[in-house]
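One structure below.
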There are 2 protein chains.
Amino acid sequence: MKLTREADYAVRVVVELASRPPAAIVPSRAIAEQQQIPGAFLAKVVCGLARAGLIRTLRGSGGGLQLARPAAETTLRQVVEAIEGPIRLNRCLREPGACPLQSRCQVHGVWRRVQELLLRELDAVTMAELARTPGEPRDPRTAGASAGAPAGS
Amino acid sequence: MKLTREADYAVRVVVELASRPPAAIVPSRAIAEQQQIPGAFLAKVVCGLARAGLIRTLRGSGGGLQLARPAAETTLRQVVEAIEGPIRLNRCLREPGACPLQSRCQVHGVWRRVQELLLRELDAVTMAELARTPGEPRDPRTAGASAGAPAGS
DNA sequence: TCATAATAGGACTAAAAGGATCCTATTACT
DNA sequence: AGTAATAGGATCCTTTTAGTCCTATTATGA
């Protein structure tokens with residue numbers, strides 16, 4: 001009933017990219033430091049995101065990560081599912097007919113309804129919105145720093 | 001992002017008890033067969049439910065399981081959390097201040113909102129409601145059997 | 001053109017959690 | 001008192017998760 005660490009990181013990576021200028025190429029090390037992600041582990045996350053087609057990777061010197069599509073066209077659900085696979089709250093929602101009790105299981109309907117609710121919520125959030133959100137501004141110094149770092153290299 | 005098998009079983013156990021006469025004592029073997037739960041594994045589930053105070057267990061011959069409270073007073077959330085512990089979608093929602101980025105993390109707010117939504121939904125479903133729900137009646141034969149099995153032994 | 005340095009990609013390894021099973025303690029019935 | 005039936009707890013194995021390391025690839029500079 002909880003997000004994997006990898007999916008958590010993945011979302012932060014995409015948000016970080018979305019916070020930069022549209023087609024910016026950002027080295028993974030910069031993202032790792034900015035988002036406090038273990039550098040070595042980030043490679044794995046990046047791999048999953050690239051395989052799903054959400055980001056583009058550029059190798060070699062001067063390379064880095066780049067959004068494959070406009071941030072407004074990528075939803076929170078897409079990022080999570082790119083890492084974890086399809087979101088299924090319960091086993092019986094994975095393959096129809098997996099549960100032999102399905103026809104008389106009272107709980108099945110509830111799980112399906114809750115899952116629909118969850119998916120709808122995750123579908124409604126785009127990376128562009130998240131990039132604009134300043135989080136929970138408590139310290140004006142950090143809030144200013146994060147908003148004012150265009151990384152216009 | 002998915003329910004553990006044990007929690008899934010736990011819900012079915014409580015629903016099965018709630019489907020019987022109010023203070024019925026049901027041997028775990030009967031529940032295992034009715035809900036298709038591996039008999040040996042059921043013991044672990046039962047242990048967790050009893051420890052959380054949701055059910056009462058009666059040892060010895062003629063013993064079995066019994067609801068500790070009226071089914072209408074137990075919610076789906078209570079059963080799930082009895083097994084899995086507090087529901088936290090993400091690590092940063094567990095302990096406030098666990099994430100060093102919290103003040104400038106754009107995603108934090110979304111996770112909190114989605115989690116609130118999820119909890120509210122699980123809180124709204126009681127075991128009594130689930131016991132009354134006939135599931136998804138597709139096969140009239142099984143639907144009739146489940147509805148017409150009062151187990152009035 | 002070739003060597004070098006920086007970068008992503010994928011394979012691999014430890015750690016934790018999940019899933020299941022067995023054995024033991026307890027209770028009622030004979 | 002003996003026996004059978006039942007839950008409780010401890011234990012083991014499997015799967016998933018988290019993290020690290022090494023290799024392939026590419027651009028840059030000589």
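Order determines the names: the first chain of the structure tokens is A, the second B, and so forth; residues in each chain are numbered 1 upward, and ligands are numbered 1 upward as they are shown.
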(request) With a distance cut-off of 12 Å and only C-alpha atoms (C1' of nucleotides), select the neighbouring residues of C:DC22, excluding the residue or stretch itself and same-chain residues fewer than 5 positions from it, and output the selection as number ranges by chain. (result) B: 40-41, 43; D: 9-12
Selection file, C-alpha atoms (C1' of nucleotides), as a tab-separated table (two decimals), in the first residue's frame:
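result.tsv written:
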chain	number	residue	atom	x	y	z
B	40	ALA	CA	-1.73	-22.79	7.46
B	41	PHE	CA	-1.31	-19.17	6.48
B	43	ALA	CA	-3.23	-18.66	11.45
D	9	DG	C1'	3.62	-18.67	18.01
D	10	DA	C1'	8.21	-19.57	16.03
D	11	DT	C1'	10.59	-20.68	12.01
D	12	DC	C1'	11.98	-21.23	7.15
Can you tell me which residues surround C:DA28 at a distance of at most 9 Å, considering only C-alpha atoms (C1' of nucleotides), apart from same-chain residues fewer than 6 positions away, and format the answer as an mmCIF file with all heavy atoms, in the first residue's frame?
data_model
loop_
_atom_site.group_PDB
_atom_site.id
_atom_site.type_symbol
_atom_site.label_atom_id
_atom_site.label_comp_id
_atom_site.auth_asym_id
_atom_site.auth_seq_id
_atom_site.Cartn_x
_atom_site.Cartn_y
_atom_site.Cartn_z
ATOM 1 N N GLY B 60 -9.216 -24.435 21.757
ATOM 2 C CA GLY B 60 -9.749 -25.729 22.145
ATOM 3 C C GLY B 60 -10.863 -26.231 21.259
ATOM 4 O O GLY B 60 -11.340 -25.546 20.358
ATOM 5 N N SER B 61 -11.239 -27.447 21.506
ATOM 6 C CA SER B 61 -12.314 -28.047 20.737
ATOM 7 C C SER B 61 -13.574 -27.200 20.843
ATOM 8 O O SER B 61 -13.912 -26.711 21.916
ATOM 9 C CB SER B 61 -12.560 -29.454 21.274
ATOM 10 O OG SER B 61 -13.694 -29.999 20.679
ATOM 11 N N GLY B 62 -14.220 -27.008 19.723
ATOM 12 C CA GLY B 62 -15.416 -26.179 19.700
ATOM 13 C C GLY B 62 -15.109 -24.713 19.620
ATOM 14 O O GLY B 62 -16.015 -23.868 19.617
ATOM 15 N N GLY B 63 -13.837 -24.398 19.582
ATOM 16 C CA GLY B 63 -13.435 -22.995 19.515
ATOM 17 C C GLY B 63 -13.517 -22.453 18.113
ATOM 18 O O GLY B 63 -14.067 -23.079 17.214
ATOM 19 P P DA D 5 -10.642 -35.084 15.622
ATOM 20 O OP1 DA D 5 -11.787 -35.653 14.894
ATOM 21 O OP2 DA D 5 -9.272 -35.303 15.148
ATOM 22 O "O5'" DA D 5 -10.870 -33.516 15.783
ATOM 23 C "C5'" DA D 5 -11.913 -33.047 16.644
ATOM 24 C "C4'" DA D 5 -11.607 -31.652 17.104
ATOM 25 O "O4'" DA D 5 -10.558 -31.678 18.103
ATOM 26 C "C3'" DA D 5 -11.110 -30.712 15.993
ATOM 27 O "O3'" DA D 5 -11.830 -29.506 16.059
ATOM 28 C "C2'" DA D 5 -9.638 -30.508 16.323
ATOM 29 C "C1'" DA D 5 -9.661 -30.618 17.839
ATOM 30 N N9 DA D 5 -8.360 -30.962 18.430
ATOM 31 C C8 DA D 5 -7.533 -31.986 18.079
ATOM 32 N N7 DA D 5 -6.431 -32.050 18.794
ATOM 33 C C5 DA D 5 -6.544 -30.994 19.669
ATOM 34 C C6 DA D 5 -5.704 -30.520 20.697
ATOM 35 N N6 DA D 5 -4.528 -31.072 21.009
ATOM 36 N N1 DA D 5 -6.118 -29.438 21.393
ATOM 37 C C2 DA D 5 -7.280 -28.877 21.071
ATOM 38 N N3 DA D 5 -8.164 -29.238 20.132
ATOM 39 C C4 DA D 5 -7.724 -30.314 19.464
#
(request) Find the residues near stretch 107-113 of chain A: any atom within 8 Å, counting only C-alpha atoms (C1' of nucleotides), skip ones fewer than 5 places away on the same chain, and give them as a list in words. (result)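 Skipping anything fewer than 5 positions along the chain leaves Leu89, Asn90, Cys92, Leu93 and Gln102 of chain A; Val11, Arg12, Leu130, Gly135 and Glu136 of chain B.
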(message) So that I can see what lies close to C:DA8, please list as a PyMOL selection string the residues with an atom at most 9 Å from it, counting only C-alpha atoms (C1' of nucleotides) and leaving out residues fewer than 2 positions away in the same chain.
(response) (chain A and resi 28+43+46-47+57-60+63-64) or (chain D and resi 25)
Dump as a short mmCIF file (atom, residue, chain, number, x, y, z; two decimals), in the first residue's frame, selection limited to C-alpha atoms (C1' of nucleotides):
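Ended up saving to out_23.cif:
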data_model
loop_
_atom_site.label_atom_id
_atom_site.label_comp_id
_atom_site.auth_asym_id
_atom_site.auth_seq_id
_atom_site.Cartn_x
_atom_site.Cartn_y
_atom_site.Cartn_z
CA SER A 28 22.30 13.10 -13.88
CA ALA A 43 21.10 5.28 -13.01
CA VAL A 46 16.82 6.82 -15.31
CA CYS A 47 16.93 3.55 -17.18
CA THR A 57 19.15 10.20 -22.51
CA LEU A 58 22.19 11.66 -24.20
CA ARG A 59 25.43 9.82 -23.70
CA GLY A 60 28.96 11.02 -23.78
CA GLY A 63 25.26 14.52 -22.26
CA GLY A 64 22.52 14.17 -19.70
"C1'" DT D 25 29.12 4.67 -25.77
#
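Atom CA of B:Arg91 sits 18.0 Å away from atom C1' of C:DA15.
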(message) Quick one: residues within 12 Å of stretch 32-34 of chain A, only C-alpha atoms (C1' of nucleotides), excluding same-chain residues fewer than 5 positions away - as a list in words?
(response) Tyr9, Ala10, Arg12, Val13, Val14, Val15, Glu16, Leu17, Ser19, Val26, Pro27, Gly39, Ala40, Phe41, Leu42, Ala43, Val45, Val46, Gly64, Leu65, Ala145, Ser146, Ala149 and Ala151 of chain A; Pro100, Leu101, Arg104 and Cys105 of chain B
(request) Assign secondary structure with DSSP using the backbone only, and return the residues of stretch 17-98 of chain A in helix (DSSP H, G or I) as an NGL selection string. (result) :A and (17-18 or 28-35 or 39-51 or 71-73 or 76-84 or 91-93)
Kindly save the residues from that selection, with C-alpha atoms included, as an mmCIF file, in the first residue's frame.
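The file below, selection_6.cif, is the result:
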data_model
loop_
_atom_site.group_PDB
_atom_site.id
_atom_site.type_symbol
_atom_site.label_atom_id
_atom_site.label_comp_id
_atom_site.auth_asym_id
_atom_site.auth_seq_id
_atom_site.Cartn_x
_atom_site.Cartn_y
_atom_site.Cartn_z
ATOM 1 C CA LEU A 17 13.653 18.242 -15.475
ATOM 2 C CA ALA A 18 10.306 19.941 -15.856
ATOM 3 C CA SER A 28 22.297 13.102 -13.883
ATOM 4 C CA ARG A 29 24.780 14.135 -11.235
ATOM 5 C CA ALA A 30 23.161 17.557 -11.014
ATOM 6 C CA ILE A 31 19.769 15.959 -10.539
ATOM 7 C CA ALA A 32 21.121 13.596 -7.926
ATOM 8 C CA GLU A 33 22.471 16.459 -5.851
ATOM 9 C CA GLN A 34 19.478 18.707 -6.322
ATOM 10 C CA GLN A 35 16.974 16.012 -5.362
ATOM 11 C CA GLY A 39 23.935 8.907 -7.443
ATOM 12 C CA ALA A 40 24.544 5.267 -8.249
ATOM 13 C CA PHE A 41 20.922 4.362 -7.736
ATOM 14 C CA LEU A 42 19.763 7.160 -9.979
ATOM 15 C CA ALA A 43 21.096 5.285 -13.013
ATOM 16 C CA LYS A 44 18.567 2.549 -12.460
ATOM 17 C CA VAL A 45 15.717 5.015 -12.163
ATOM 18 C CA VAL A 46 16.820 6.820 -15.312
ATOM 19 C CA CYS A 47 16.927 3.549 -17.180
ATOM 20 C CA GLY A 48 13.311 2.830 -16.346
ATOM 21 C CA LEU A 49 12.169 6.285 -17.326
ATOM 22 C CA ALA A 50 14.024 6.131 -20.630
ATOM 23 C CA ARG A 51 12.683 2.710 -21.456
ATOM 24 C CA ALA A 71 5.932 18.402 -19.188
ATOM 25 C CA ALA A 72 2.242 19.147 -19.516
ATOM 26 C CA GLU A 73 1.729 15.895 -21.403
ATOM 27 C CA LEU A 76 2.006 11.508 -12.343
ATOM 28 C CA ARG A 77 0.423 8.149 -13.078
ATOM 29 C CA GLN A 78 2.562 7.645 -16.159
ATOM 30 C CA VAL A 79 5.735 8.199 -14.193
ATOM 31 C CA VAL A 80 4.744 5.858 -11.384
ATOM 32 C CA GLU A 81 3.603 3.128 -13.763
ATOM 33 C CA ALA A 82 6.777 3.463 -15.813
ATOM 34 C CA ILE A 83 8.652 2.194 -12.777
ATOM 35 C CA GLU A 84 6.218 -0.019 -10.917
ATOM 36 C CA ARG A 91 -4.197 -9.162 -6.890
ATOM 37 C CA CYS A 92 -7.770 -9.772 -7.963
ATOM 38 C CA LEU A 93 -7.686 -6.554 -9.982
#
(request) Taking the DSSP assignment computed from this structure's backbone, write out as a VMD selection string all residues of chain B that belong to strand (DSSP E). (result) chain B and resid 55 to 58 64 to 67
Resulting file, chosen residues, N, CA and C atoms, as an mmCIF file, in the first residue's frame:
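Printed below is selection04.cif as written:
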data_model
loop_
_atom_site.group_PDB
_atom_site.id
_atom_site.type_symbol
_atom_site.label_atom_id
_atom_site.label_comp_id
_atom_site.auth_asym_id
_atom_site.auth_seq_id
_atom_site.Cartn_x
_atom_site.Cartn_y
_atom_site.Cartn_z
ATOM 1 N N ILE B 55 -10.919 -9.201 16.309
ATOM 2 C CA ILE B 55 -11.651 -10.448 16.506
ATOM 3 C C ILE B 55 -11.235 -11.070 17.841
ATOM 4 N N ARG B 56 -12.052 -12.018 18.278
ATOM 5 C CA ARG B 56 -11.735 -12.750 19.489
ATOM 6 C C ARG B 56 -11.516 -14.210 19.112
ATOM 7 N N THR B 57 -10.534 -14.829 19.707
ATOM 8 C CA THR B 57 -10.260 -16.225 19.368
ATOM 9 C C THR B 57 -10.561 -17.112 20.564
ATOM 10 N N LEU B 58 -11.162 -18.257 20.271
ATOM 11 C CA LEU B 58 -11.502 -19.213 21.323
ATOM 12 C C LEU B 58 -10.787 -20.510 21.048
ATOM 13 N N GLY B 64 -12.942 -21.283 17.925
ATOM 14 C CA GLY B 64 -12.995 -20.663 16.614
ATOM 15 C C GLY B 64 -12.797 -19.169 16.720
ATOM 16 N N LEU B 65 -13.281 -18.458 15.704
ATOM 17 C CA LEU B 65 -13.130 -17.011 15.659
ATOM 18 C C LEU B 65 -14.478 -16.341 15.858
ATOM 19 N N GLN B 66 -14.414 -15.128 16.356
ATOM 20 C CA GLN B 66 -15.623 -14.388 16.674
ATOM 21 C C GLN B 66 -15.320 -12.905 16.539
ATOM 22 N N LEU B 67 -16.244 -12.151 16.019
ATOM 23 C CA LEU B 67 -16.042 -10.707 15.945
ATOM 24 C C LEU B 67 -16.005 -10.121 17.357
#
Could you please select, counting only C-alpha atoms (C1' of nucleotides), the residues of chain C within 7 Å of chain B and state them as a PDB file with N, CA, C and O atoms (P, O5', C5', C4', C3', O3' and C1' of nucleotides), in the first residue's frame?
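The new file out03.pdb reads:
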ATOM      1  P    DA C  20       1.018 -17.527  -0.043  1.00  0.00           P
ATOM      2  O5'  DA C  20       1.575 -18.698   0.880  1.00  0.00           O
ATOM      3  C5'  DA C  20       2.702 -19.461   0.410  1.00  0.00           C
ATOM      4  C4'  DA C  20       3.295 -20.271   1.538  1.00  0.00           C
ATOM      5  C3'  DA C  20       2.324 -21.215   2.247  1.00  0.00           C
ATOM      6  O3'  DA C  20       2.639 -22.547   1.898  1.00  0.00           O
ATOM      7  C1'  DA C  20       3.844 -20.146   3.758  1.00  0.00           C
ATOM      8  P    DT C  21       1.778 -23.758   2.419  1.00  0.00           P
ATOM      9  O5'  DT C  21       2.666 -24.341   3.624  1.00  0.00           O
ATOM     10  C5'  DT C  21       4.077 -24.484   3.439  1.00  0.00           C
ATOM     11  C4'  DT C  21       4.737 -24.913   4.745  1.00  0.00           C
ATOM     12  C3'  DT C  21       3.949 -25.972   5.528  1.00  0.00           C
ATOM     13  O3'  DT C  21       4.799 -27.085   5.767  1.00  0.00           O
ATOM     14  C1'  DT C  21       4.602 -24.172   6.944  1.00  0.00           C
ATOM     15  P    DT C  26      -0.433 -23.265  27.858  1.00  0.00           P
ATOM     16  O5'  DT C  26      -1.938 -23.456  27.383  1.00  0.00           O
ATOM     17  C5'  DT C  26      -2.529 -22.479  26.517  1.00  0.00           C
ATOM     18  C4'  DT C  26      -3.864 -22.982  26.005  1.00  0.00           C
ATOM     19  C3'  DT C  26      -4.842 -23.462  27.094  1.00  0.00           C
ATOM     20  O3'  DT C  26      -6.033 -22.710  26.969  1.00  0.00           O
ATOM     21  C1'  DT C  26      -4.770 -24.983  25.284  1.00  0.00           C
ATOM     22  P    DT C  27      -7.030 -22.560  28.264  1.00  0.00           P
ATOM     23  O5'  DT C  27      -8.298 -23.393  27.798  1.00  0.00           O
ATOM     24  C5'  DT C  27      -8.995 -23.002  26.615  1.00  0.00           C
ATOM     25  C4'  DT C  27      -9.746 -24.178  26.027  1.00  0.00           C
ATOM     26  C3'  DT C  27     -10.734 -24.849  26.988  1.00  0.00           C
ATOM     27  O3'  DT C  27     -12.054 -24.517  26.589  1.00  0.00           O
ATOM     28  C1'  DT C  27      -9.523 -26.426  25.635  1.00  0.00           C
ATOM     29  P    DA C  28     -13.295 -24.821  27.569  1.00  0.00           P
ATOM     30  O5'  DA C  28     -13.944 -26.081  26.849  1.00  0.00           O
ATOM     31  C5'  DA C  28     -14.439 -25.934  25.523  1.00  0.00           C
ATOM     32  C4'  DA C  28     -14.614 -27.296  24.864  1.00  0.00           C
ATOM     33  C3'  DA C  28     -15.687 -28.177  25.527  1.00  0.00           C
ATOM     34  O3'  DA C  28     -16.524 -28.706  24.512  1.00  0.00           O
ATOM     35  C1'  DA C  28     -13.632 -29.361  25.359  1.00  0.00           C
TER      36       DA C  28
END
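Relative to atom CA of B:Arg88, atom CA of B:Lys2 is found at 11.7 Å.
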Per residue of chain D within 7 Å of chain A, note the shortest atom pair and the distance in Å to one decimal, counting only C-alpha atoms (C1' of nucleotides), and order the rows by chain and increasing residue number, as JSON lines.
{"residue": "D:DG19", "atom": "C1'", "partner": "A:Phe41", "partner_atom": "CA", "distance": 6.1}
{"residue": "D:DT20", "atom": "C1'", "partner": "A:Ala40", "partner_atom": "CA", "distance": 6.7}
{"residue": "D:DT25", "atom": "C1'", "partner": "A:Gly60", "partner_atom": "CA", "distance": 6.7}
{"residue": "D:DT26", "atom": "C1'", "partner": "A:Gly60", "partner_atom": "CA", "distance": 3.8}
{"residue": "D:DA27", "atom": "C1'", "partner": "A:Ser61", "partner_atom": "CA", "distance": 5.0}
Store the residues of this selection in a file with N, CA and C atoms (P, O5', C5', C4', C3', O3' and C1' of nucleotides), as a PDB file, in the first residue's frame.
ATOM      1  P    DG D  19      18.345   2.906  -0.934  1.00  0.00           P
ATOM      2  O5'  DG D  19      19.745   2.433  -1.537  1.00  0.00           O
ATOM      3  C5'  DG D  19      20.534   1.545  -0.767  1.00  0.00           C
ATOM      4  C4'  DG D  19      21.561   0.872  -1.645  1.00  0.00           C
ATOM      5  C3'  DG D  19      22.469   1.816  -2.437  1.00  0.00           C
ATOM      6  O3'  DG D  19      23.739   1.870  -1.792  1.00  0.00           O
ATOM      7  C1'  DG D  19      21.859  -0.146  -3.677  1.00  0.00           C
ATOM      8  P    DT D  20      24.868   2.822  -2.422  1.00  0.00           P
ATOM      9  O5'  DT D  20      25.741   1.802  -3.287  1.00  0.00           O
ATOM     10  C5'  DT D  20      26.134   0.560  -2.704  1.00  0.00           C
ATOM     11  C4'  DT D  20      26.932  -0.272  -3.700  1.00  0.00           C
ATOM     12  C3'  DT D  20      28.027   0.487  -4.462  1.00  0.00           C
ATOM     13  O3'  DT D  20      29.246  -0.232  -4.364  1.00  0.00           O
ATOM     14  C1'  DT D  20      26.643  -0.700  -5.984  1.00  0.00           C
ATOM     15  P    DT D  25      28.612  -0.370 -27.432  1.00  0.00           P
ATOM     16  O5'  DT D  25      28.473   1.203 -27.244  1.00  0.00           O
ATOM     17  C5'  DT D  25      27.311   1.733 -26.607  1.00  0.00           C
ATOM     18  C4'  DT D  25      27.436   3.234 -26.430  1.00  0.00           C
ATOM     19  C3'  DT D  25      27.904   3.988 -27.674  1.00  0.00           C
ATOM     20  O3'  DT D  25      26.987   5.025 -27.943  1.00  0.00           O
ATOM     21  C1'  DT D  25      29.119   4.674 -25.767  1.00  0.00           C
ATOM     22  P    DT D  26      26.903   5.666 -29.437  1.00  0.00           P
ATOM     23  O5'  DT D  26      27.389   7.161 -29.177  1.00  0.00           O
ATOM     24  C5'  DT D  26      26.752   7.939 -28.156  1.00  0.00           C
ATOM     25  C4'  DT D  26      27.660   9.046 -27.697  1.00  0.00           C
ATOM     26  C3'  DT D  26      28.282   9.860 -28.831  1.00  0.00           C
ATOM     27  O3'  DT D  26      27.829  11.200 -28.752  1.00  0.00           O
ATOM     28  C1'  DT D  26      29.859   9.358 -27.131  1.00  0.00           C
ATOM     29  P    DA D  27      27.888  12.186 -30.005  1.00  0.00           P
ATOM     30  O5'  DA D  27      28.785  13.392 -29.452  1.00  0.00           O
ATOM     31  C5'  DA D  27      28.334  14.123 -28.325  1.00  0.00           C
ATOM     32  C4'  DA D  27      29.513  14.633 -27.521  1.00  0.00           C
ATOM     33  C3'  DA D  27      30.340  15.696 -28.240  1.00  0.00           C
ATOM     34  O3'  DA D  27      30.517  16.804 -27.366  1.00  0.00           O
ATOM     35  C1'  DA D  27      31.743  13.959 -27.451  1.00  0.00           C
TER      36       DA D  27
END
(message) When you count only C-alpha atoms, which of these residues is closest to A:Ala124: A:Asp8, A:Thr75, A:Ala52, A:Ala23?
(response) A:Thr75
